[in-house]
>>> print(open('my_file-v6.txt').read())   # compact mmCIF, C-alpha atoms and all ligand atoms
# COMPACT_ATOMS: atom_id res chain seq x y z
CA MET C 21 83.70 113.64 -13.50
CA ASN C 22 81.85 112.06 -10.57
CA VAL C 23 82.41 114.96 -8.23
CA ASN C 24 79.94 117.17 -6.36
CA VAL C 25 80.77 120.81 -6.94
CA GLY C 26 79.59 123.97 -5.18
CA PHE C 27 80.03 127.59 -6.28
CA ILE C 28 79.66 130.68 -4.06
CA GLY C 29 79.69 134.26 -5.44
CA LEU C 30 77.94 134.93 -8.74
CA GLY C 31 79.06 138.43 -9.76
CA ILE C 32 80.71 139.64 -12.97
CA MET C 33 83.32 136.85 -12.81
CA GLY C 34 81.62 134.14 -10.74
CA LYS C 35 78.52 133.84 -12.92
CA PRO C 36 80.28 132.98 -16.22
CA MET C 37 82.79 130.74 -14.40
CA ALA C 38 79.97 128.77 -12.75
CA LEU C 39 78.18 128.49 -16.11
CA ASN C 40 81.35 127.08 -17.68
CA LEU C 41 81.55 124.39 -15.00
CA ILE C 42 77.91 123.43 -15.71
CA ARG C 43 78.69 123.30 -19.45
CA GLY C 44 81.68 121.11 -18.61
CA GLY C 45 79.31 118.53 -17.14
CA TYR C 46 79.64 119.38 -13.45
CA PRO C 47 76.20 119.74 -11.83
CA LEU C 48 76.49 122.67 -9.42
CA ARG C 49 75.02 123.71 -6.12
CA VAL C 50 75.28 127.49 -5.91
CA TYR C 51 74.92 130.27 -3.36
CA GLY C 52 74.54 133.98 -4.25
CA ARG C 53 73.95 136.58 -1.55
CA ARG C 54 71.31 138.22 -3.72
CA VAL C 55 68.76 135.52 -4.52
CA GLU C 56 68.29 136.90 -8.04
CA SER C 57 72.00 136.38 -8.80
CA MET C 58 71.31 132.61 -8.71
CA GLU C 59 68.60 132.75 -11.39
CA PRO C 60 70.86 132.44 -14.49
CA LEU C 61 72.51 129.45 -12.83
CA THR C 62 69.32 127.65 -11.82
CA ALA C 63 68.03 128.27 -15.35
CA ALA C 64 71.13 126.37 -16.55
CA GLY C 65 70.42 123.46 -14.18
CA ALA C 66 72.17 124.44 -10.93
CA GLN C 67 70.58 123.85 -7.54
CA ALA C 68 70.18 127.01 -5.43
CA CYS C 69 71.25 126.85 -1.77
CA ALA C 70 70.27 129.06 1.17
CA SER C 71 73.78 129.42 2.63
CA PRO C 72 77.46 128.61 2.05
CA ALA C 73 77.09 125.81 4.64
CA GLU C 74 74.33 124.22 2.55
CA VAL C 75 76.56 124.37 -0.55
CA ALA C 76 79.36 122.71 1.40
CA ARG C 77 77.26 119.96 2.99
CA ASN C 78 77.24 117.68 -0.05
CA ALA C 79 80.22 119.03 -1.97
CA ASP C 80 83.63 117.54 -2.72
CA LEU C 81 84.85 120.83 -4.18
CA ILE C 82 83.64 124.29 -3.18
CA PHE C 83 84.60 127.25 -5.39
CA ILE C 84 84.46 130.79 -3.97
CA MET C 85 84.49 133.99 -6.09
CA VAL C 86 83.57 136.97 -3.88
CA SER C 87 85.04 140.46 -3.46
CA ASP C 88 87.50 140.98 -0.63
CA THR C 89 89.38 139.27 2.21
CA GLN C 90 86.67 139.79 4.82
CA ASP C 91 84.06 138.45 2.39
CA VAL C 92 85.97 135.18 1.91
CA GLU C 93 86.44 134.99 5.69
CA GLN C 94 82.71 135.51 6.19
CA VAL C 95 81.79 132.91 3.55
CA ILE C 96 84.13 130.32 5.08
CA LEU C 97 84.09 131.07 8.82
CA GLY C 98 80.90 133.10 9.35
CA PRO C 99 77.55 131.89 10.67
CA GLU C 100 76.27 129.32 8.16
CA GLY C 101 79.73 129.43 6.59
CA VAL C 102 81.45 126.74 4.53
CA ILE C 103 83.37 125.42 7.54
CA SER C 104 80.16 124.47 9.36
CA GLY C 105 78.97 122.31 6.44
CA ALA C 106 82.16 120.99 4.88
CA ARG C 107 83.05 117.31 5.31
CA PRO C 108 86.62 116.20 6.05
CA GLY C 109 88.33 115.35 2.76
CA CYS C 110 86.66 118.05 0.68
CA THR C 111 88.49 121.02 -0.86
CA VAL C 112 87.80 124.76 -0.83
CA VAL C 113 89.05 126.60 -3.94
CA ASP C 114 89.13 130.36 -3.40
CA MET C 115 89.41 132.18 -6.74
CA SER C 116 88.80 135.69 -5.32
CA THR C 117 91.75 138.10 -5.09
CA ILE C 118 92.50 138.51 -1.37
CA SER C 119 95.33 138.89 1.14
CA PRO C 120 98.07 136.21 0.96
CA ALA C 121 98.51 136.28 4.77
CA ALA C 122 94.77 135.83 5.42
CA THR C 123 94.77 133.01 2.86
CA ARG C 124 97.47 131.13 4.78
CA SER C 125 95.47 131.57 7.99
CA LEU C 126 92.24 130.32 6.35
CA ALA C 127 94.07 127.31 4.90
CA ALA C 128 95.44 126.43 8.37
CA GLN C 129 91.97 126.68 9.95
CA LEU C 130 90.44 124.50 7.25
CA THR C 131 93.27 121.96 7.40
CA ALA C 132 92.66 121.62 11.16
CA ARG C 133 89.14 120.43 10.22
CA GLY C 134 90.44 117.99 7.58
CA VAL C 135 89.49 120.30 4.70
CA GLU C 136 92.02 121.20 1.97
CA MET C 137 92.32 124.66 0.45
CA LEU C 138 93.72 126.07 -2.78
CA ASP C 139 94.07 129.78 -3.52
CA ALA C 140 93.51 130.17 -7.25
CA PRO C 141 93.05 133.85 -8.17
CA VAL C 142 92.63 134.70 -11.82
CA SER C 143 93.84 137.23 -14.34
CA GLY C 144 91.71 138.23 -17.31
CA GLY C 145 88.36 139.97 -17.23
CA GLU C 146 84.73 139.15 -17.87
CA THR C 147 85.42 138.25 -21.53
CA GLU C 148 88.07 135.70 -20.56
CA ALA C 149 85.76 134.35 -17.82
CA VAL C 150 82.96 133.89 -20.38
CA ASN C 151 85.35 132.25 -22.87
CA GLY C 152 86.96 129.95 -20.29
CA ALA C 153 90.26 131.64 -21.08
CA LEU C 154 91.40 132.93 -17.69
CA SER C 155 94.94 132.77 -16.38
CA ILE C 156 94.86 130.89 -13.07
CA MET C 157 97.68 130.97 -10.49
CA VAL C 158 97.45 128.31 -7.81
CA GLY C 159 98.76 127.91 -4.26
CA GLY C 160 98.32 124.83 -2.06
CA LYS C 161 99.39 121.20 -2.01
CA PRO C 162 100.49 119.91 -5.43
CA GLU C 163 98.40 116.73 -5.12
CA VAL C 164 95.28 118.83 -4.42
CA PHE C 165 96.10 120.98 -7.46
CA THR C 166 96.32 117.82 -9.60
CA LEU C 167 92.84 116.75 -8.43
CA VAL C 168 91.24 120.12 -9.21
CA LYS C 169 93.10 120.75 -12.49
CA PRO C 170 90.43 119.24 -14.80
CA LEU C 171 87.94 121.78 -13.42
CA PHE C 172 90.44 124.64 -13.76
CA GLU C 173 90.73 123.62 -17.42
CA ARG C 174 87.05 124.48 -17.86
CA LEU C 175 87.73 127.99 -16.56
CA GLY C 176 91.12 128.94 -17.91
CA LYS C 177 93.82 128.35 -20.49
CA ASN C 178 97.01 129.30 -18.64
CA ILE C 179 96.96 127.33 -15.38
CA VAL C 180 100.14 127.55 -13.32
CA TYR C 181 100.95 125.91 -9.99
CA ILE C 182 103.03 128.40 -7.99
CA GLY C 183 103.72 126.78 -4.58
CA GLY C 184 102.21 126.44 -1.07
CA ASN C 185 99.09 128.14 0.33
CA GLY C 186 99.06 131.90 -0.32
CA THR C 187 101.50 131.81 -3.26
CA GLY C 188 98.69 132.02 -5.81
CA GLN C 189 97.65 135.28 -4.12
CA LEU C 190 101.25 136.51 -4.16
CA ALA C 191 101.45 135.85 -7.90
CA LYS C 192 98.16 137.71 -8.35
CA ALA C 193 99.55 140.69 -6.40
CA CYS C 194 102.49 140.73 -8.86
CA ASN C 195 99.98 140.69 -11.71
CA GLN C 196 98.19 143.69 -10.21
CA ILE C 197 101.44 145.65 -9.71
CA LEU C 198 102.10 145.29 -13.44
CA VAL C 199 98.52 145.98 -14.54
CA THR C 200 98.26 149.01 -12.24
CA LEU C 201 101.42 150.66 -13.52
CA SER C 202 100.47 149.84 -17.05
CA ILE C 203 97.02 151.50 -16.82
CA GLU C 204 98.62 154.56 -15.20
CA GLY C 205 101.12 154.64 -18.09
CA VAL C 206 98.36 154.52 -20.70
CA ALA C 207 96.42 157.33 -18.96
CA GLU C 208 99.55 159.51 -18.74
CA ALA C 209 100.61 158.83 -22.35
CA PHE C 210 97.16 159.73 -23.71
CA THR C 211 97.00 162.94 -21.63
CA PHE C 212 100.53 163.86 -22.77
CA ALA C 213 99.51 163.30 -26.40
CA ARG C 214 96.33 165.35 -26.09
CA LYS C 215 98.06 168.26 -24.30
CA ASN C 216 100.52 168.35 -27.20
CA GLY C 217 97.71 168.49 -29.75
CA VAL C 218 98.16 164.91 -30.94
CA ASP C 219 95.27 162.45 -31.32
CA PRO C 220 95.60 159.82 -28.53
CA GLY C 221 93.67 157.34 -30.69
CA ARG C 222 96.30 157.49 -33.42
CA VAL C 223 99.04 157.26 -30.80
CA ARG C 224 97.41 154.08 -29.41
CA GLU C 225 97.20 152.61 -32.90
CA ALA C 226 100.90 153.26 -33.53
CA LEU C 227 102.04 152.04 -30.12
CA LEU C 228 100.07 148.77 -30.22
CA GLY C 229 102.46 147.42 -32.85
CA GLY C 230 105.64 148.40 -31.01
CA PHE C 231 107.54 147.74 -27.80
CA ALA C 232 104.94 149.56 -25.64
CA GLY C 233 102.06 147.48 -27.01
CA ASN C 234 100.28 145.57 -24.25
CA LYS C 235 96.88 144.39 -23.07
CA SER C 236 96.20 147.54 -21.00
CA LEU C 237 96.85 149.78 -24.00
CA GLU C 238 94.57 147.56 -26.05
CA VAL C 239 91.65 147.07 -23.63
CA GLN C 240 91.76 149.87 -21.04
CA GLY C 241 93.19 152.28 -23.63
CA LYS C 242 90.15 151.72 -25.85
CA ARG C 243 87.81 152.28 -22.90
CA MET C 244 89.59 155.54 -22.03
CA LEU C 245 89.28 156.82 -25.59
CA ASP C 246 85.57 155.92 -25.68
CA HIS C 247 85.07 157.19 -22.12
CA ASP C 248 83.20 153.91 -21.65
CA PHE C 249 83.68 153.06 -17.99
CA ARG C 250 81.04 150.35 -17.56
CA PRO C 251 82.72 147.61 -15.49
CA GLY C 252 84.68 145.38 -16.23
CA PHE C 253 86.94 145.50 -13.29
CA LYS C 254 85.60 147.99 -10.77
CA VAL C 255 87.70 150.80 -9.29
CA ARG C 256 86.73 149.58 -5.78
CA LEU C 257 88.21 146.15 -6.54
CA HIS C 258 91.37 147.69 -7.97
CA GLN C 259 91.70 149.89 -4.88
CA LYS C 260 91.27 146.73 -2.78
CA ASP C 261 94.06 144.96 -4.70
CA LEU C 262 96.39 147.93 -4.17
CA ARG C 263 95.53 147.88 -0.45
CA ILE C 264 96.54 144.20 -0.31
CA ILE C 265 99.79 144.97 -2.15
CA MET C 266 100.63 147.97 0.04
CA GLU C 267 99.78 146.13 3.29
CA THR C 268 101.96 143.20 2.27
CA ALA C 269 104.79 145.57 1.28
CA HIS C 270 104.39 147.41 4.60
CA GLN C 271 104.70 144.16 6.56
CA MET C 272 107.85 143.25 4.60
CA GLY C 273 109.48 146.72 4.76
CA LEU C 274 109.33 146.88 0.99
CA ALA C 275 109.22 150.07 -1.10
CA LEU C 276 106.89 149.98 -4.13
CA PRO C 277 106.85 153.68 -5.10
CA GLY C 278 104.96 153.28 -8.39
CA SER C 279 102.17 151.16 -6.90
CA ALA C 280 101.89 153.58 -3.95
CA LEU C 281 101.35 156.48 -6.34
CA VAL C 282 98.59 154.73 -8.28
CA ALA C 283 96.97 153.66 -5.00
CA GLN C 284 96.53 157.38 -4.25
CA ASN C 285 94.87 157.93 -7.63
CA MET C 286 92.49 155.02 -6.99
CA ASN C 287 91.68 156.58 -3.58
CA ALA C 288 90.82 159.82 -5.40
CA LEU C 289 88.41 157.97 -7.70
CA MET C 290 86.73 156.33 -4.70
CA GLY C 291 86.45 159.73 -3.00
CA SER C 292 84.77 161.26 -6.04
CA GLY C 293 82.12 158.57 -6.16
CA GLU C 294 83.58 156.62 -9.10
CA GLY C 295 84.09 153.31 -7.27
CA ASP C 296 81.72 151.32 -9.44
CA LEU C 297 83.26 152.48 -12.73
CA ASP C 298 85.76 150.35 -14.63
CA SER C 299 89.30 150.96 -13.38
CA SER C 300 90.26 152.49 -16.74
CA ALA C 301 88.48 155.56 -15.24
CA LEU C 302 91.93 156.20 -13.73
CA VAL C 303 92.35 158.50 -16.74
CA ASN C 304 89.76 160.83 -15.12
CA VAL C 305 92.23 161.58 -12.31
CA ILE C 306 95.07 162.42 -14.71
CA GLU C 307 92.74 164.49 -16.89
CA ARG C 308 91.47 166.53 -13.91
CA LEU C 309 95.01 166.98 -12.57
CA ASN C 310 96.08 168.49 -15.89
CA GLU C 311 92.80 170.07 -17.00
CA THR C 312 93.35 168.18 -20.22
CA TYR C 313 90.59 165.92 -21.54
CA ILE C 314 91.64 163.26 -24.00
CA THR C 315 88.25 163.04 -25.72
CA ALA C 316 87.91 166.83 -26.21
CA PRO C 317 87.93 167.82 -29.92
CA LEU C 318 91.49 168.62 -30.96
CA HIS C 319 90.79 171.94 -32.73
CA LYS C 320 89.49 173.47 -29.44
CA GLY C 321 93.01 173.27 -28.03
P1 LIG V 401 81.51 141.58 -8.40
O1 LIG V 401 80.87 141.62 -9.75
O2 LIG V 401 81.40 142.76 -7.51
O3 LIG V 401 80.96 140.26 -7.67
C1 LIG V 401 81.32 139.92 -6.37
C2 LIG V 401 80.29 138.90 -5.89
O4 LIG V 401 80.65 138.47 -4.58
C3 LIG V 401 78.89 139.50 -5.81
O5 LIG V 401 77.97 138.61 -6.39
C4 LIG V 401 78.65 139.63 -4.30
O6 LIG V 401 77.34 139.45 -3.90
C5 LIG V 401 79.50 138.50 -3.76
N1 LIG V 401 79.89 138.78 -2.37
C6 LIG V 401 80.69 139.79 -1.94
N2 LIG V 401 80.83 139.74 -0.61
C7 LIG V 401 80.10 138.67 -0.21
C8 LIG V 401 79.84 138.10 1.07
N3 LIG V 401 80.39 138.63 2.18
N4 LIG V 401 79.05 137.01 1.14
C9 LIG V 401 78.50 136.50 0.01
N5 LIG V 401 78.70 136.99 -1.23
C10 LIG V 401 79.50 138.07 -1.32
O7 LIG V 401 83.08 141.28 -8.51
P2 LIG V 401 83.87 140.45 -9.64
O8 LIG V 401 84.33 141.40 -10.68
O9 LIG V 401 83.09 139.23 -10.00
O10 LIG V 401 85.17 140.05 -8.78
C11 LIG V 401 85.21 138.93 -7.91
C12 LIG V 401 86.66 138.69 -7.49
O11 LIG V 401 87.44 138.43 -8.67
C13 LIG V 401 87.31 139.89 -6.79
O12 LIG V 401 88.16 139.45 -5.77
C14 LIG V 401 88.10 140.56 -7.92
O13 LIG V 401 89.20 141.29 -7.43
C15 LIG V 401 88.52 139.35 -8.75
N6 LIG V 401 88.78 139.61 -10.17
C16 LIG V 401 87.92 140.38 -10.92
C17 LIG V 401 88.20 140.60 -12.28
C18 LIG V 401 87.30 141.43 -13.15
O14 LIG V 401 87.73 141.79 -14.28
N7 LIG V 401 86.09 141.76 -12.77
C19 LIG V 401 89.33 140.03 -12.85
C20 LIG V 401 90.17 139.23 -12.08
C21 LIG V 401 89.89 139.04 -10.73
P3 LIG V 401 76.23 140.61 -4.13
O15 LIG V 401 75.81 140.38 -5.55
O16 LIG V 401 75.19 140.31 -3.13
O17 LIG V 401 76.92 141.92 -3.92
>>> encode(input="my_file-v6.txt", output="structure tokens", more="lines below")
Ligand code: NAP
Amino acid sequence: MNVNVGFIGLGIMGKPMALNLIRGGYPLRVYGRRVESMEPLTAAGAQACASPAEVARNADLIFIMVSDTQDVEQVILGPEGVISGARPGCTVVDMSTISPAATRSLAAQLTARGVEMLDAPVSGGETEAVNGALSIMVGGKPEVFTLVKPLFERLGKNIVYIGGNGTGQLAKACNQILVTLSIEGVAEAFTFARKNGVDPGRVREALLGGFAGNKSLEVQGKRMLDHDFRPGFKVRLHQKDLRIIMETAHQMGLALPGSALVAQNMNALMGSGEGDLDSSALVNVIERLNETYITAPLHKG
């Protein structure tokens, strides 16, 4: 328990995760790029810092939850970054979803300064973050994982050590391949139902109890039917995850035809200004493609 903890990145996921660490008895030093993003944390007892370096200066463990690869690089290596404040012997825990290759490079640069790193991306959304019920997949040294595990237990329920640095990110990419194809499947099934004059809501209800029942049908399916695209998990972050997957596949000479197709649909959403909607807005692309709108009243045909 006697450990100094820092937390950087206080968005949809980072804020509730940081709050759960405070509730778990870990006094936090926090950094949010927008000063106002730190207010809910300071109200809960955290100490606000002016930079990632200031967070790192007195910390044994530094959690990071920002958007993309270059953001984590900036937070760690940039001016006033973690690396300029971190003491040898401390550990950086990056819980953002970023490139596995960049993660290995960051870990090597930190190790050269005597600083350990774990990649620990998460699956589950804002609700799971609030409830401390995330799934956490971890890459790095096993002994470092053992040290950090009590804190992971404040954030998640399913905590799995995968292997060396970068393997947590590889597991997360696998998660996103499955989630991506699953959301596409839900959008296509609902559009198919509606075009055939069948109520997609009733179809969802029937399918939830059968072999096709899954979390995407339950959560994203409900959002599609309600046309409620408040994020959640933003389209721009989903597009970013698909970019990471496709870049990694490209480097390996690996064909992922399904993921490539959905990546195009996410690009279309970005192009039509829907980047800040929840990624269940994928159904908008399938609806427009087919001029079939799943929420249109059935009797209008
Ligand atoms: P978000 O709400 O957009 O929050 C991202 C936070 O990172 C923001 O507070 C942002 O600061 C900060 N940030 C971004 N770039 C930064 C930089 N260069 N320097 C300092 N701060 C920076 O995103 P989120 O939904 O919390 O997602 C965070 C990560 O978790 C992403 O990698 C995402 O893929 C992953 N994830 C998300 C979900 C989900 O359901 N939302 C689920 C699993 C995993 P500002 O406020 O100043 O913009």
>>> residues_around(input="my_file-v6.txt", residues="Ala153 of chain C", least_positions_apart="2", cutoff="10 Å", atoms="all atoms listed in the file", output="PyMOL selection string")
chain C and resi 143-151+155-156+173-179
>>> closest_atom_pairs(input="my_file-v6.txt", of="chain C", to="ligand LIG 401 (chain V)", cutoff="8 Å", atoms="all atoms listed in the file", output="JSON lines")
{"residue": "C:Ile28", "atom": "CA", "partner": "V:LIG401", "partner_atom": "N5", "distance": 7.0}
{"residue": "C:Gly29", "atom": "CA", "partner": "V:LIG401", "partner_atom": "O4", "distance": 4.4}
{"residue": "C:Leu30", "atom": "CA", "partner": "V:LIG401", "partner_atom": "O5", "distance": 4.4}
{"residue": "C:Gly31", "atom": "CA", "partner": "V:LIG401", "partner_atom": "O3", "distance": 3.4}
{"residue": "C:Ile32", "atom": "CA", "partner": "V:LIG401", "partner_atom": "O1", "distance": 3.8}
{"residue": "C:Met33", "atom": "CA", "partner": "V:LIG401", "partner_atom": "O9", "distance": 3.7}
{"residue": "C:Gly34", "atom": "CA", "partner": "V:LIG401", "partner_atom": "O9", "distance": 5.3}
{"residue": "C:Lys35", "atom": "CA", "partner": "V:LIG401", "partner_atom": "O9", "distance": 7.6}
{"residue": "C:Tyr51", "atom": "CA", "partner": "V:LIG401", "partner_atom": "C9", "distance": 7.9}
{"residue": "C:Gly52", "atom": "CA", "partner": "V:LIG401", "partner_atom": "N5", "distance": 6.0}
{"residue": "C:Arg53", "atom": "CA", "partner": "V:LIG401", "partner_atom": "O16", "distance": 4.2}
{"residue": "C:Arg54", "atom": "CA", "partner": "V:LIG401", "partner_atom": "O16", "distance": 4.4}
{"residue": "C:Ser57", "atom": "CA", "partner": "V:LIG401", "partner_atom": "O15", "distance": 6.4}
{"residue": "C:Met85", "atom": "CA", "partner": "V:LIG401", "partner_atom": "C11", "distance": 5.3}
{"residue": "C:Val86", "atom": "CA", "partner": "V:LIG401", "partner_atom": "O4", "distance": 3.4}
{"residue": "C:Ser87", "atom": "CA", "partner": "V:LIG401", "partner_atom": "O12", "distance": 4.0}
{"residue": "C:Asp88", "atom": "CA", "partner": "V:LIG401", "partner_atom": "O12", "distance": 5.4}
{"residue": "C:Gln90", "atom": "CA", "partner": "V:LIG401", "partner_atom": "N3", "distance": 6.9}
{"residue": "C:Asp91", "atom": "CA", "partner": "V:LIG401", "partner_atom": "N3", "distance": 3.7}
{"residue": "C:Val92", "atom": "CA", "partner": "V:LIG401", "partner_atom": "N3", "distance": 6.6}
{"residue": "C:Glu93", "atom": "CA", "partner": "V:LIG401", "partner_atom": "N3", "distance": 7.9}
{"residue": "C:Gln94", "atom": "CA", "partner": "V:LIG401", "partner_atom": "N3", "distance": 5.6}
{"residue": "C:Val95", "atom": "CA", "partner": "V:LIG401", "partner_atom": "N4", "distance": 5.5}
{"residue": "C:Met115", "atom": "CA", "partner": "V:LIG401", "partner_atom": "O11", "distance": 6.8}
{"residue": "C:Ser116", "atom": "CA", "partner": "V:LIG401", "partner_atom": "O12", "distance": 3.8}
{"residue": "C:Thr117", "atom": "CA", "partner": "V:LIG401", "partner_atom": "O12", "distance": 3.9}
{"residue": "C:Ile118", "atom": "CA", "partner": "V:LIG401", "partner_atom": "O12", "distance": 6.3}
{"residue": "C:Pro141", "atom": "CA", "partner": "V:LIG401", "partner_atom": "C21", "distance": 6.6}
{"residue": "C:Val142", "atom": "CA", "partner": "V:LIG401", "partner_atom": "C20", "distance": 5.2}
{"residue": "C:Ser143", "atom": "CA", "partner": "V:LIG401", "partner_atom": "C20", "distance": 4.8}
{"residue": "C:Gly144", "atom": "CA", "partner": "V:LIG401", "partner_atom": "C19", "distance": 5.4}
{"residue": "C:Gly145", "atom": "CA", "partner": "V:LIG401", "partner_atom": "O14", "distance": 3.5}
{"residue": "C:Glu146", "atom": "CA", "partner": "V:LIG401", "partner_atom": "O14", "distance": 5.4}
{"residue": "C:Pro251", "atom": "CA", "partner": "V:LIG401", "partner_atom": "N7", "distance": 7.3}
{"residue": "C:Gly252", "atom": "CA", "partner": "V:LIG401", "partner_atom": "O14", "distance": 5.1}
{"residue": "C:Phe253", "atom": "CA", "partner": "V:LIG401", "partner_atom": "N7", "distance": 3.9}
{"residue": "C:Lys254", "atom": "CA", "partner": "V:LIG401", "partner_atom": "N7", "distance": 6.6}
{"residue": "C:Leu257", "atom": "CA", "partner": "V:LIG401", "partner_atom": "O13", "distance": 5.0}
{"residue": "C:His258", "atom": "CA", "partner": "V:LIG401", "partner_atom": "O13", "distance": 6.8}
{"residue": "C:Lys260", "atom": "CA", "partner": "V:LIG401", "partner_atom": "O13", "distance": 7.4}
{"residue": "C:Asp261", "atom": "CA", "partner": "V:LIG401", "partner_atom": "O13", "distance": 6.7}
>>> residues_around(input="my_file-v6.txt", residues="segment 61-78 of chain C", least_positions_apart="5", cutoff="10 Å", atoms="all atoms listed in the file", output="ChimeraX atom specification")
/C:24-30,35-36,38-39,42-43,46-53,55-56,83-84,94-107,110-112
>>> atom_distance(input="my_file-v6.txt", atom1="atom CA of Met290 of chain C", atom2="atom CA of Gln240 of chain C")
18.3 Å
>>> closest_residue(input="my_file-v6.txt", among="C:Ala207, C:Ala269, C:Ala140, C:Leu237", to="Asn285 of chain C", atoms="only C-alpha atoms")
C:Ala207
>>> atom_distance(input="my_file-v6.txt", atom1="atom CA of Leu302 of chain C", atom2="atom CA of Pro220 of chain C")
15.7 Å
>>> residues_around(input="my_file-v6.txt", residues="segment 126-138 of chain C", least_positions_apart="3", cutoff="7 Å", atoms="all atoms listed in the file", output="ChimeraX atom specification")
/C:108-114,122-123,158-160,185
>>> closest_residue(input="my_file-v6.txt", among="C:Glu225, C:Glu204, C:Asp139, C:Asp219", to="Gly188 of chain C", atoms="only C-alpha atoms")
C:Asp139
>>> atom_distance(input="my_file-v6.txt", atom1="atom CA of Val282 of chain C", atom2="atom CA of Ser236 of chain C")
14.8 Å
>>> residues_around(input="my_file-v6.txt", residues="Ala193 of chain C", least_positions_apart="2", cutoff="9 Å", atoms="all atoms listed in the file", output="number ranges by chain")
C: 117-120, 188-191, 195-198, 261-262, 264-265
>>> closest_residue(input="my_file-v6.txt", among="C:Val23, C:Val255, C:Leu274, C:Met37", to="Ala79 of chain C", atoms="all atoms listed in the file")
C:Val23
>>> closest_residue(input="my_file-v6.txt", among="C:Arg256, C:Val303, C:Glu208, C:Ser202", to="Ser279 of chain C", atoms="all atoms listed in the file")
C:Ser202
>>> residues_around(input="my_file-v6.txt", residues="Ile306 of chain C", least_positions_apart="5", cutoff="12 Å", atoms="only C-alpha atoms", output="PyMOL selection string")
chain C and resi 203-212+214-215+244+282+284-286+288-289+300-301+311-314
